[in-house]
file run02.tsv (TSV, C-alpha atoms)
chain	number	residue	atom	x	y	z
A	1	MET	CA	25.10	-92.36	-10.21
A	2	SER	CA	26.23	-92.56	-6.66
A	3	GLN	CA	26.17	-90.33	-3.67
A	4	SER	CA	28.59	-90.46	-0.78
A	5	VAL	CA	27.47	-89.78	2.72
A	6	VAL	CA	29.70	-89.33	5.71
A	7	VAL	CA	28.58	-90.31	9.13
A	8	GLU	CA	30.63	-89.06	12.02
A	9	THR	CA	30.54	-91.40	14.93
A	10	PHE	CA	30.92	-90.36	18.51
A	11	GLU	CA	31.00	-93.06	21.10
A	12	ARG	CA	28.89	-95.32	18.92
A	13	GLU	CA	26.11	-92.83	18.32
A	14	PRO	CA	25.58	-90.95	15.09
A	15	ARG	CA	26.35	-87.31	15.59
A	16	GLU	CA	25.48	-86.29	12.12
A	17	ALA	CA	23.34	-87.94	9.54
A	18	GLN	CA	21.93	-87.00	6.20
A	19	VAL	CA	18.68	-87.42	4.36
A	20	ILE	CA	18.95	-87.21	0.61
A	21	GLU	CA	15.94	-86.04	-1.35
A	22	LEU	CA	15.85	-87.17	-4.93
A	23	VAL	CA	13.69	-85.52	-7.53
A	24	GLU	CA	12.86	-88.04	-10.20
A	25	GLY	CA	12.03	-86.29	-13.49
A	26	ASP	CA	8.51	-84.90	-13.41
A	27	GLY	CA	7.26	-87.93	-11.61
A	28	GLY	CA	7.46	-86.42	-8.17
A	29	THR	CA	9.85	-86.63	-5.29
A	30	LEU	CA	11.41	-89.77	-4.01
A	31	ARG	CA	12.84	-89.48	-0.54
A	32	TYR	CA	15.73	-91.75	0.07
A	33	VAL	CA	17.28	-92.34	3.45
A	34	PRO	CA	20.50	-94.26	3.05
A	35	PRO	CA	20.09	-97.35	5.20
A	36	ALA	CA	23.68	-97.11	6.28
A	37	VAL	CA	22.88	-93.87	8.06
A	38	ARG	CA	20.91	-95.96	10.45
A	39	PRO	CA	23.12	-96.79	13.40
A	40	GLU	CA	24.89	-99.79	11.97
A	41	LEU	CA	28.08	-98.24	13.11
A	42	LYS	CA	31.46	-99.80	13.31
A	43	PRO	CA	32.71	-100.15	16.86
A	44	ASP	CA	36.02	-98.47	16.16
A	45	GLY	CA	34.40	-95.05	16.37
A	46	GLU	CA	36.20	-93.75	13.32
A	47	LEU	CA	34.75	-91.76	10.47
A	48	GLU	CA	32.81	-93.99	8.19
A	49	ALA	CA	32.21	-93.22	4.53
A	50	ILE	CA	29.18	-94.83	2.99
A	51	CYS	CA	28.61	-95.12	-0.73
A	52	VAL	CA	25.05	-95.30	-1.92
A	53	ASP	CA	24.94	-97.01	-5.29
A	54	ASP	CA	21.31	-97.78	-5.86
A	55	VAL	CA	20.12	-94.27	-6.64
A	56	PRO	CA	18.01	-94.23	-9.84
A	57	SER	CA	19.94	-92.81	-12.79
A	58	THR	CA	17.10	-90.40	-13.57
A	59	ALA	CA	17.29	-88.80	-10.19
A	60	ARG	CA	18.99	-85.62	-9.26
A	61	VAL	CA	20.00	-84.84	-5.72
A	62	VAL	CA	18.43	-81.77	-4.17
A	63	PRO	CA	20.03	-80.12	-1.15
A	64	PRO	CA	19.96	-82.63	1.64
A	65	ALA	CA	18.56	-82.09	5.08
A	66	ILE	CA	21.43	-82.39	7.49
A	67	TRP	CA	21.19	-82.39	11.20
A	68	ARG	CA	23.60	-82.55	14.03
A	69	SER	CA	22.70	-83.76	17.46
A	70	PRO	CA	22.31	-80.77	19.73
A	71	ASP	CA	25.37	-80.08	21.80
A	72	ALA	CA	25.06	-80.81	25.46
A	73	PRO	CA	24.34	-77.71	27.55
A	74	LYS	CA	27.44	-76.12	28.99
A	75	ASP	CA	25.88	-75.80	32.44
A	76	THR	CA	25.71	-78.96	34.46
A	77	PHE	CA	23.70	-80.22	37.39
A	78	GLN	CA	25.53	-82.52	39.79
A	79	SER	CA	23.02	-84.29	41.95
A	80	LEU	CA	23.97	-84.78	45.60
A	81	GLN	CA	20.75	-86.43	46.60
A	82	ARG	CA	17.43	-87.03	44.92
A	83	TRP	CA	14.07	-88.28	46.03
A	84	GLU	CA	10.79	-89.34	44.53
A	85	GLY	CA	7.82	-88.15	46.53
A	86	VAL	CA	4.05	-88.48	46.71
A	87	VAL	CA	1.92	-85.56	47.92
A	88	THR	CA	0.04	-86.59	51.06
A	89	ARG	CA	-1.28	-83.22	52.30
A	90	ILE	CA	-1.71	-79.73	50.91
A	91	ASP	CA	-1.96	-76.74	53.24
A	92	ASP	CA	-2.36	-73.03	52.56
A	93	ASP	CA	1.29	-72.32	52.08
A	94	SER	CA	3.00	-75.70	52.03
A	95	PHE	CA	2.53	-79.33	51.11
A	96	VAL	CA	3.64	-82.57	52.72
A	97	GLY	CA	5.14	-85.43	50.76
A	98	ARG	CA	6.30	-88.94	51.51
A	99	LEU	CA	9.75	-89.41	50.05
A	100	VAL	CA	11.74	-92.35	48.77
A	101	ASP	CA	15.48	-91.75	48.56
A	102	LEU	CA	16.52	-92.50	44.98
A	103	SER	CA	20.21	-91.95	45.74
A	104	ASN	CA	20.81	-94.22	48.71
A	105	GLY	CA	17.59	-96.11	49.36
A	106	GLY	CA	16.47	-96.44	52.96
A	107	PRO	CA	13.13	-95.99	54.68
A	108	ALA	CA	10.51	-93.54	53.46
A	109	GLU	CA	10.70	-90.07	54.93
A	110	GLU	CA	8.24	-87.21	55.16
A	111	VAL	CA	8.96	-83.65	54.16
A	112	GLU	CA	7.06	-80.38	54.23
A	113	LEU	CA	7.91	-77.98	51.42
A	114	PRO	CA	6.66	-74.44	50.85
A	115	LEU	CA	4.33	-73.92	47.90
A	116	THR	CA	6.68	-71.19	46.73
A	117	ASP	CA	9.17	-73.96	45.89
A	118	VAL	CA	6.78	-75.35	43.26
A	119	PRO	CA	7.59	-74.01	39.79
A	120	ALA	CA	4.75	-71.88	38.41
A	121	GLU	CA	4.12	-74.26	35.51
A	122	ASP	CA	3.78	-77.21	37.87
A	123	HIS	CA	1.12	-75.63	40.14
A	124	ASP	CA	-1.65	-77.35	38.18
A	125	LEU	CA	-0.04	-80.70	38.83
A	126	LEU	CA	-0.01	-80.29	42.61
A	127	GLU	CA	-2.73	-82.50	44.06
A	128	LEU	CA	-3.03	-85.33	46.54
A	129	GLY	CA	-1.26	-88.39	45.20
A	130	ALA	CA	0.80	-86.42	42.68
A	131	VAL	CA	4.33	-87.70	42.18
A	132	PHE	CA	7.23	-85.27	42.31
A	133	TYR	CA	11.00	-85.40	42.08
A	134	TRP	CA	13.17	-83.40	44.42
A	135	ALA	CA	16.88	-83.05	43.84
A	136	ILE	CA	19.56	-81.21	45.75
A	137	GLY	CA	22.82	-80.59	44.04
A	138	TYR	CA	25.30	-78.23	42.46
A	139	ARG	CA	24.57	-76.30	39.31
A	140	ASP	CA	27.86	-75.43	37.64
A	141	GLU	CA	27.59	-72.59	35.18
A	142	VAL	CA	29.85	-72.02	32.23
A	143	SER	CA	31.00	-68.82	33.96
A	144	GLY	CA	32.54	-70.98	36.67
A	145	GLN	CA	29.87	-70.09	39.19
A	146	ARG	CA	28.70	-72.98	41.34
A	147	GLN	CA	25.31	-72.81	43.02
A	148	ARG	CA	23.79	-75.21	45.47
A	149	VAL	CA	20.22	-75.65	44.31
A	150	SER	CA	17.06	-77.46	45.27
A	151	ALA	CA	15.05	-78.49	42.22
A	152	LEU	CA	11.44	-79.59	42.42
A	153	ARG	CA	9.60	-81.04	39.45
A	154	PHE	CA	6.22	-82.74	39.27
A	155	ARG	CA	5.73	-85.85	37.23
A	156	ARG	CA	4.07	-85.30	33.89
A	157	LEU	CA	2.16	-88.23	32.51
A	158	PRO	CA	-1.00	-88.35	30.44
A	159	VAL	CA	-4.16	-89.07	32.33
A	160	TRP	CA	-4.67	-92.75	32.99
A	161	SER	CA	-5.61	-94.51	29.81
A	162	ALA	CA	-8.40	-97.03	29.46
A	163	SER	CA	-5.83	-99.84	29.22
A	164	GLU	CA	-4.14	-98.71	32.42
A	165	LEU	CA	-7.46	-98.52	34.24
A	166	GLN	CA	-8.36	-101.96	32.91
A	167	ALA	CA	-4.99	-103.36	34.01
A	168	ALA	CA	-5.37	-101.76	37.45
A	169	THR	CA	-8.87	-103.20	37.79
A	170	GLU	CA	-7.59	-106.64	36.86
A	171	ARG	CA	-4.73	-106.37	39.34
A	172	ALA	CA	-7.15	-105.28	42.06
A	173	SER	CA	-9.38	-108.23	41.27
A	174	ARG	CA	-6.46	-110.62	41.50
A	175	VAL	CA	-5.39	-109.14	44.84
A	176	ALA	CA	-8.95	-109.33	46.13
A	177	ALA	CA	-9.19	-112.94	45.01
A	178	ALA	CA	-5.88	-113.75	46.70
A	179	LEU	CA	-7.23	-112.21	49.90
A	180	GLY	CA	-10.33	-114.33	49.61
A	181	ARG	CA	-12.68	-111.44	48.88
A	182	GLY	CA	-15.24	-111.29	46.10
A	183	GLU	CA	-15.80	-108.53	43.59
A	184	GLY	CA	-18.21	-106.78	45.94
B	1	MET	CA	33.97	-106.75	49.08
B	2	ALA	CA	32.23	-104.27	46.82
B	3	VAL	CA	34.58	-101.68	45.39
B	4	LYS	CA	33.03	-98.35	44.68
B	5	PRO	CA	34.01	-96.90	41.31
B	6	PRO	CA	35.09	-93.29	41.13
B	7	THR	CA	32.16	-90.90	41.10
B	8	PRO	CA	31.17	-90.22	37.50
B	9	GLU	CA	31.78	-86.66	36.43
B	10	LEU	CA	29.25	-86.89	33.60
B	11	ARG	CA	26.27	-89.13	33.51
B	12	SER	CA	23.37	-89.56	31.15
B	13	ASN	CA	20.57	-91.92	30.37
B	14	ARG	CA	18.85	-92.72	27.13
B	15	VAL	CA	15.74	-94.49	26.01
B	16	VAL	CA	15.90	-95.70	22.43
B	17	LEU	CA	12.78	-97.11	20.81
B	18	ARG	CA	12.58	-98.96	17.51
B	19	GLY	CA	9.27	-98.89	15.74
B	20	SER	CA	7.32	-96.76	13.35
B	21	PHE	CA	7.19	-93.07	14.24
B	22	ASN	CA	6.02	-89.84	12.66
B	23	PRO	CA	8.82	-87.36	13.28
B	24	ARG	CA	6.70	-84.37	12.31
B	25	ILE	CA	4.44	-84.94	15.32
B	26	LEU	CA	7.18	-85.08	17.90
B	27	GLN	CA	7.83	-81.38	18.20
B	28	PRO	CA	8.26	-79.28	21.35
B	29	ALA	CA	4.86	-77.59	20.97
B	30	TRP	CA	3.14	-80.98	20.68
B	31	LEU	CA	4.87	-82.27	23.82
B	32	ALA	CA	3.81	-79.13	25.69
B	33	ALA	CA	0.24	-79.46	24.40
B	34	GLN	CA	0.21	-82.99	25.81
B	35	LYS	CA	1.53	-81.55	29.12
B	36	LEU	CA	4.60	-83.77	28.87
B	37	ILE	CA	6.96	-80.80	29.09
B	38	ARG	CA	6.47	-77.26	30.35
B	39	GLU	CA	5.32	-74.49	28.00
B	40	ALA	CA	8.46	-72.52	28.77
B	41	GLU	CA	10.58	-75.54	27.90
B	42	SER	CA	8.80	-75.79	24.55
B	43	GLU	CA	9.22	-72.08	23.83
B	44	ASN	CA	12.94	-72.21	24.64
B	45	ALA	CA	13.64	-75.49	22.85
B	46	GLU	CA	16.72	-75.53	20.67
B	47	ILE	CA	15.39	-76.93	17.40
B	48	THR	CA	17.93	-78.54	15.10
B	49	ILE	CA	15.63	-79.91	12.41
B	50	ILE	CA	11.97	-80.60	11.81
B	51	HIS	CA	11.62	-82.71	8.70
B	52	GLU	CA	9.49	-85.58	7.44
B	53	GLU	CA	12.41	-87.86	8.09
B	54	ALA	CA	13.62	-86.48	11.38
B	55	THR	CA	12.86	-84.11	14.22
B	56	VAL	CA	15.73	-83.21	16.52
B	57	PHE	CA	15.59	-80.71	19.36
B	58	ALA	CA	16.80	-80.15	22.88
B	59	ILE	CA	15.20	-78.76	25.98
B	60	ASP	CA	17.13	-78.08	29.16
B	61	TRP	CA	16.93	-81.61	30.45
B	62	ALA	CA	16.41	-83.77	27.37
B	63	ILE	CA	17.42	-84.27	23.77
B	64	ILE	CA	14.75	-85.73	21.51
B	65	GLU	CA	15.65	-87.31	18.17
B	66	ALA	CA	12.78	-88.82	16.21
B	67	GLU	CA	13.24	-90.65	12.94
B	68	ARG	CA	10.76	-92.81	11.10
B	69	GLU	CA	12.10	-96.00	12.65
B	70	ARG	CA	13.71	-94.77	15.82
B	71	LEU	CA	12.92	-92.47	18.72
B	72	ARG	CA	15.81	-91.56	20.94
B	73	LEU	CA	15.46	-89.62	24.18
B	74	ALA	CA	18.50	-88.62	26.20
B	75	THR	CA	19.09	-86.68	29.37
B	76	THR	CA	21.44	-83.71	29.29
B	77	SER	CA	24.02	-82.58	31.79
B	78	LYS	CA	21.34	-80.30	33.27
B	79	SER	CA	18.86	-83.09	34.01
B	80	GLU	CA	18.03	-83.31	37.67
B	81	THR	CA	16.96	-86.94	37.75
B	82	PRO	CA	16.84	-89.75	35.16
B	83	GLU	CA	13.25	-90.52	36.11
B	84	GLN	CA	12.22	-87.43	34.11
B	85	LEU	CA	13.34	-89.23	30.98
B	86	ARG	CA	11.48	-92.41	31.86
B	87	ASP	CA	8.31	-90.38	32.39
B	88	LEU	CA	8.77	-88.56	29.10
B	89	ALA	CA	9.20	-91.84	27.23
B	90	VAL	CA	6.18	-93.39	28.90
B	91	GLY	CA	4.15	-90.20	28.35
B	92	ILE	CA	4.90	-90.15	24.63
B	93	LEU	CA	4.10	-93.84	24.29
B	94	GLU	CA	0.87	-93.49	26.26
B	95	THR	CA	-0.21	-90.64	24.03
B	96	LEU	CA	0.74	-92.38	20.77
B	97	ASP	CA	-0.65	-95.68	21.91
B	98	HIS	CA	-1.21	-97.16	18.43
B	99	THR	CA	2.40	-96.66	17.36
B	100	PRO	CA	4.08	-100.01	16.76
B	101	VAL	CA	7.18	-100.28	18.95
B	102	HIS	CA	9.14	-103.50	18.96
B	103	VAL	CA	12.47	-102.75	20.66
B	104	VAL	CA	13.23	-100.80	23.82
B	105	ALA	CA	16.76	-99.95	24.91
B	106	ILE	CA	17.50	-98.40	28.30
B	107	GLN	CA	21.01	-97.01	28.19
B	108	SER	CA	23.13	-95.77	31.08
B	109	ILE	CA	26.24	-93.76	30.25
B	110	ALA	CA	28.87	-92.50	32.66
B	111	HIS	CA	32.25	-90.84	32.31
B	112	TYR	CA	34.63	-91.57	35.19
B	113	PRO	CA	37.73	-89.51	35.97
B	114	MET	CA	40.89	-91.54	36.55
B	115	ALA	CA	43.86	-90.34	38.53
B	116	SER	CA	46.44	-90.92	35.82
B	117	GLN	CA	47.23	-92.56	32.51
B	118	GLU	CA	48.79	-95.41	34.49
B	119	SER	CA	45.57	-96.14	36.35
B	120	ARG	CA	43.59	-96.11	33.11
B	121	ASP	CA	46.13	-98.36	31.42
B	122	ALA	CA	45.94	-100.77	34.35
B	123	LEU	CA	42.18	-100.98	33.92
B	124	GLY	CA	42.47	-101.49	30.17
B	125	TRP	CA	45.11	-104.21	30.49
B	126	LYS	CA	43.07	-106.01	33.13
B	127	LEU	CA	40.00	-106.04	30.89
B	128	VAL	CA	41.97	-106.83	27.72
B	129	PRO	CA	45.33	-108.43	28.57
B	130	PRO	CA	48.05	-107.25	26.18
B	131	GLU	CA	49.86	-110.59	25.86
B	132	PRO	CA	48.14	-111.89	22.69
B	133	PHE	CA	49.12	-108.72	20.84
B	134	GLU	CA	52.66	-108.21	22.12
B	135	GLY	CA	55.38	-108.68	19.52
B	136	GLU	CA	53.08	-107.57	16.72
B	137	ILE	CA	52.30	-104.11	18.07
B	138	VAL	CA	54.14	-102.02	20.63
B	139	ARG	CA	52.45	-101.29	23.93
B	140	PRO	CA	49.01	-102.64	23.01
B	141	GLY	CA	46.23	-100.80	24.76
B	142	MET	CA	42.49	-101.20	24.81
B	143	ALA	CA	40.79	-98.63	22.60
B	144	ALA	CA	37.27	-99.98	22.89
B	145	LEU	CA	35.70	-102.99	24.48
B	146	HIS	CA	32.22	-104.26	23.70
B	147	VAL	CA	30.84	-107.21	25.60
B	148	ASN	CA	27.34	-108.54	25.27
B	149	GLY	CA	25.19	-111.27	26.66
B	150	ALA	CA	21.72	-112.18	27.79
B	151	ARG	CA	20.29	-110.99	31.06
B	152	PRO	CA	20.55	-113.55	33.87
B	153	GLY	CA	17.50	-115.73	33.96
B	154	GLU	CA	16.54	-115.06	30.35
B	155	ALA	CA	18.95	-117.42	28.62
B	156	MET	CA	18.63	-121.06	29.59
B	157	GLU	CA	21.97	-122.74	29.68
B	158	GLY	CA	22.40	-124.94	26.63
B	159	SER	CA	19.28	-123.55	24.99
B	160	LYS	CA	19.43	-122.08	21.54
B	161	ALA	CA	16.23	-120.15	22.05
B	162	PRO	CA	16.88	-116.46	21.64
B	163	ALA	CA	16.68	-114.33	24.75
B	164	SER	CA	14.26	-111.43	24.74
B	165	GLY	CA	17.12	-109.00	24.43
B	166	LEU	CA	20.73	-108.31	25.03
B	167	VAL	CA	22.92	-106.31	27.36
B	168	THR	CA	25.87	-104.67	25.64
B	169	ILE	CA	28.61	-103.13	27.74
B	170	SER	CA	31.04	-100.69	26.16
B	171	VAL	CA	34.21	-99.42	27.80
B	172	GLU	CA	36.26	-96.78	26.02
B	173	PRO	CA	38.47	-93.80	26.76
B	174	SER	CA	36.26	-90.82	27.56
B	175	HIS	CA	36.45	-87.96	25.08
B	176	PRO	CA	34.94	-85.33	27.39
B	177	LEU	CA	37.22	-86.36	30.25
B	178	ALA	CA	40.42	-86.55	28.23
B	179	PRO	CA	43.16	-87.49	28.79
B	180	HIS	CA	42.44	-90.05	31.53
B	181	GLY	CA	38.70	-90.53	31.73
B	182	VAL	CA	36.85	-93.78	31.18
B	183	PHE	CA	33.51	-94.08	29.38
B	184	ILE	CA	31.15	-96.90	30.28
B	185	GLN	CA	27.88	-97.51	28.51
B	186	VAL	CA	25.41	-100.22	29.39
B	187	ASP	CA	22.83	-100.81	26.69
B	188	ASP	CA	19.96	-102.87	28.06
B	189	ARG	CA	17.94	-103.91	25.03
B	190	TYR	CA	14.57	-105.64	25.03
B	191	SER	CA	12.64	-107.12	22.12
B	192	VAL	CA	9.08	-106.41	23.19
B	193	ALA	CA	7.21	-107.43	20.05
B	194	ASP	CA	7.64	-109.01	16.65
B	195	ALA	CA	9.05	-106.42	14.26
B	196	GLU	CA	6.53	-107.47	11.63
B	197	ALA	CA	3.52	-107.15	13.91
B	198	ALA	CA	1.51	-104.08	12.93
B	199	ASN	CA	-1.06	-103.98	15.72
B	200	VAL	CA	1.29	-104.24	18.64
B	201	GLY	CA	0.90	-100.63	19.83
B	202	THR	CA	2.96	-99.19	22.65
B	203	GLY	CA	1.65	-101.33	25.50
B	204	PRO	CA	4.54	-103.81	25.59
B	205	ALA	CA	7.10	-101.02	25.37
B	206	ILE	CA	5.48	-99.09	28.22
B	207	ALA	CA	5.34	-102.20	30.39
B	208	CYS	CA	8.98	-102.93	29.56
B	209	ILE	CA	10.16	-99.45	30.58
B	210	GLN	CA	8.12	-99.39	33.77
B	211	GLU	CA	9.15	-102.88	34.84
B	212	ASN	CA	12.82	-102.65	33.96
B	213	TRP	CA	13.88	-99.03	34.47
B	214	GLU	CA	15.12	-99.27	38.03
B	215	THR	CA	16.63	-102.74	37.54
B	216	SER	CA	18.43	-101.56	34.46
B	217	LEU	CA	19.96	-98.51	36.15
B	218	LYS	CA	21.05	-100.62	39.10
B	219	ARG	CA	22.52	-103.22	36.74
B	220	ALA	CA	24.58	-100.49	35.09
B	221	GLU	CA	25.89	-99.35	38.48
B	222	ARG	CA	26.81	-102.90	39.42
B	223	ILE	CA	28.59	-103.43	36.12
B	224	ALA	CA	30.66	-100.27	36.64
B	225	GLU	CA	31.55	-101.46	40.15
B	226	ARG	CA	32.70	-104.81	38.76
B	227	ILE	CA	34.75	-103.19	36.02
B	228	PHE	CA	36.62	-100.96	38.46
B	229	ALA	CA	36.96	-103.80	40.94
B	230	ALA	CA	38.80	-105.75	38.25
B	231	ALA	CA	41.61	-103.18	38.06
call {"tool": "encode", "arguments": {"input": "run02.tsv", "output": "structure tokens"}}
result
Amino acid sequence: MSQSVVVETFEREPREAQVIELVEGDGGTLRYVPPAVRPELKPDGELEAICVDDVPSTARVVPPAIWRSPDAPKDTFQSLQRWEGVVTRIDDDSFVGRLVDLSNGGPAEEVELPLTDVPAEDHDLLELGAVFYWAIGYRDEVSGQRQRVSALRFRRLPVWSASELQAATERASRVAAALGRGEG
Amino acid sequence: MAVKPPTPELRSNRVVLRGSFNPRILQPAWLAAQKLIREAESENAEITIIHEEATVFAIDWAIIEAERERLRLATTSKSETPEQLRDLAVGILETLDHTPVHVVAIQSIAHYPMASQESRDALGWKLVPPEPFEGEIVRPGMAALHVNGARPGEAMEGSKAPASGLVTISVEPSHPLAPHGVFIQVDDRYSVADAEAANVGTGPAIACIQENWETSLKRAERIAERIFAAA
């Protein structure tokens, strides 16, 4: 018994792949993922038919799970300039950040931004030392409307792990040693 | 003299990880619970499939595809900055710190508009001269070019020792920017651990992403500049 699977390639990435579930008699379910579905794709970008020959003869194929990579959103954001910043001061209605230009490089700059620019879901992330990304650009909507927007987003990372703290401590020790200072 | 390539009309970045993943975990609600994405982004996620073998969904600024042996994160056309994707990858790996990950690929993709078919042909013929094919086929043109090699400094000249990874450059006609666009992908791949090692965790992969992200993106920009300078 064999089962054919078709993988559509799109610029060397699988756009559609298939998982075949095989039910083997009363002995339970065997899940079989054709190895060729894994991205061993031919570079010519053409449709590739894969024949799976090693399916047990006692198996029957149940409806496969098929997925397609989500289509890219129709709206686009065209960045004109973007920065990475670190919060250095928080006031009642604004915060100050030190910025590094991610688009063109150059010296660090300072900026004061109103708290109203911070998205509601990022308010909890606003604290001294927090990292944020600030981008200015055009948002082109599928309707044809173009808007010039300023987008602010705070970095989301898990709290520092034990390994990170350990690594930071070790780095600090090395720096201290290089500077000729002891642990204390 | 450095020649600036045309400004890309579409750009995206991807992080592809090879290892051992549990697709059922990597759902929008789980990412939001770990504070790696916003609650609203989780609630509005476009879910394609959640299955033991694969989870695929999109939020505004990222597409997440998790399979048992591969996790692929990609920016979308609405992403504001590629660093979001780096942070998401690192955040997932920090949270799932016992997951064995042995390969990291940082991919930069850009679609460049070209003024005409002639200018695209000129680029293709410069990269792949038509002479060896003339006489056998009429008007030979480059349909796809894949070039790979080790990163400078990693491969000792004359050494047969394998480098810790590979850079693969792909140049093709751009489908989204038909009829004249050019697609360039730079796949910067790192072997961070032995594929058979079970206790490797995510530490090497995290270190790889953090140490190489910026270099990799800059390398991709330089490669595009060199490709267009060749034309």
call {"tool": "residues_around", "arguments": {"input": "run02.tsv", "residues": "Ile92 of chain B", "least_positions_apart": "6", "cutoff": "10 Å", "atoms": "all atoms listed in the file", "output": "PDB file with C-alpha atoms, in the frame of the given file"}}
result
ATOM      1  CA  LEU A 157       2.160 -88.230  32.510  1.00  0.00           C
ATOM      2  CA  PRO A 158      -1.000 -88.350  30.440  1.00  0.00           C
TER       3      PRO A 158
ATOM      4  CA  LEU B  26       7.180 -85.080  17.900  1.00  0.00           C
ATOM      5  CA  LEU B  31       4.870 -82.270  23.820  1.00  0.00           C
ATOM      6  CA  GLN B  34       0.210 -82.990  25.810  1.00  0.00           C
ATOM      7  CA  LEU B  36       4.600 -83.770  28.870  1.00  0.00           C
ATOM      8  CA  THR B 202       2.960 -99.190  22.650  1.00  0.00           C
ATOM      9  CA  ILE B 206       5.480 -99.090  28.220  1.00  0.00           C
TER      10      ILE B 206
END
call {"tool": "closest_residue", "arguments": {"input": "run02.tsv", "among": "B:Glu83, B:Glu43, B:Asp97, B:Asp60", "to": "Asn199 of chain B", "atoms": "all atoms listed in the file"}}
result
B:Asp97
call {"tool": "atom_distance", "arguments": {"input": "run02.tsv", "atom1": "atom CA of Lys218 of chain B", "atom2": "atom CA of Val100 of chain A"}}
result
15.8 Å
call {"tool": "closest_residue", "arguments": {"input": "run02.tsv", "among": "B:Gly19, B:Gly153, B:Pro179, B:Pro82", "to": "chain A", "atoms": "all atoms listed in the file"}}
result
B:Pro82
call {"tool": "interface_residues", "arguments": {"input": "run02.tsv", "of": "chain B", "to": "chain A", "cutoff": "9 Å", "atoms": "all atoms listed in the file", "output": "number ranges by chain"}}
result
B: 9-10, 34-40, 46-49, 51, 53-54, 56-58, 60-61, 63, 65, 76-81, 83-84, 87-88, 90-92, 94-95, 143-146, 172, 174-175, 183, 203
call {"tool": "write_last_selection", "arguments": {"input": "run02.tsv", "atoms": "C-alpha atoms", "output": "mmCIF file, keeping the file's coordinate frame"}}
result
data_model
loop_
_atom_site.group_PDB
_atom_site.id
_atom_site.type_symbol
_atom_site.label_atom_id
_atom_site.label_comp_id
_atom_site.auth_asym_id
_atom_site.auth_seq_id
_atom_site.Cartn_x
_atom_site.Cartn_y
_atom_site.Cartn_z
ATOM 1 C CA GLU B 9 31.780 -86.660 36.430
ATOM 2 C CA LEU B 10 29.250 -86.890 33.600
ATOM 3 C CA GLN B 34 0.210 -82.990 25.810
ATOM 4 C CA LYS B 35 1.530 -81.550 29.120
ATOM 5 C CA LEU B 36 4.600 -83.770 28.870
ATOM 6 C CA ILE B 37 6.960 -80.800 29.090
ATOM 7 C CA ARG B 38 6.470 -77.260 30.350
ATOM 8 C CA GLU B 39 5.320 -74.490 28.000
ATOM 9 C CA ALA B 40 8.460 -72.520 28.770
ATOM 10 C CA GLU B 46 16.720 -75.530 20.670
ATOM 11 C CA ILE B 47 15.390 -76.930 17.400
ATOM 12 C CA THR B 48 17.930 -78.540 15.100
ATOM 13 C CA ILE B 49 15.630 -79.910 12.410
ATOM 14 C CA HIS B 51 11.620 -82.710 8.700
ATOM 15 C CA GLU B 53 12.410 -87.860 8.090
ATOM 16 C CA ALA B 54 13.620 -86.480 11.380
ATOM 17 C CA VAL B 56 15.730 -83.210 16.520
ATOM 18 C CA PHE B 57 15.590 -80.710 19.360
ATOM 19 C CA ALA B 58 16.800 -80.150 22.880
ATOM 20 C CA ASP B 60 17.130 -78.080 29.160
ATOM 21 C CA TRP B 61 16.930 -81.610 30.450
ATOM 22 C CA ILE B 63 17.420 -84.270 23.770
ATOM 23 C CA GLU B 65 15.650 -87.310 18.170
ATOM 24 C CA THR B 76 21.440 -83.710 29.290
ATOM 25 C CA SER B 77 24.020 -82.580 31.790
ATOM 26 C CA LYS B 78 21.340 -80.300 33.270
ATOM 27 C CA SER B 79 18.860 -83.090 34.010
ATOM 28 C CA GLU B 80 18.030 -83.310 37.670
ATOM 29 C CA THR B 81 16.960 -86.940 37.750
ATOM 30 C CA GLU B 83 13.250 -90.520 36.110
ATOM 31 C CA GLN B 84 12.220 -87.430 34.110
ATOM 32 C CA ASP B 87 8.310 -90.380 32.390
ATOM 33 C CA LEU B 88 8.770 -88.560 29.100
ATOM 34 C CA VAL B 90 6.180 -93.390 28.900
ATOM 35 C CA GLY B 91 4.150 -90.200 28.350
ATOM 36 C CA ILE B 92 4.900 -90.150 24.630
ATOM 37 C CA GLU B 94 0.870 -93.490 26.260
ATOM 38 C CA THR B 95 -0.210 -90.640 24.030
ATOM 39 C CA ALA B 143 40.790 -98.630 22.600
ATOM 40 C CA ALA B 144 37.270 -99.980 22.890
ATOM 41 C CA LEU B 145 35.700 -102.990 24.480
ATOM 42 C CA HIS B 146 32.220 -104.260 23.700
ATOM 43 C CA GLU B 172 36.260 -96.780 26.020
ATOM 44 C CA SER B 174 36.260 -90.820 27.560
ATOM 45 C CA HIS B 175 36.450 -87.960 25.080
ATOM 46 C CA PHE B 183 33.510 -94.080 29.380
ATOM 47 C CA GLY B 203 1.650 -101.330 25.500
#
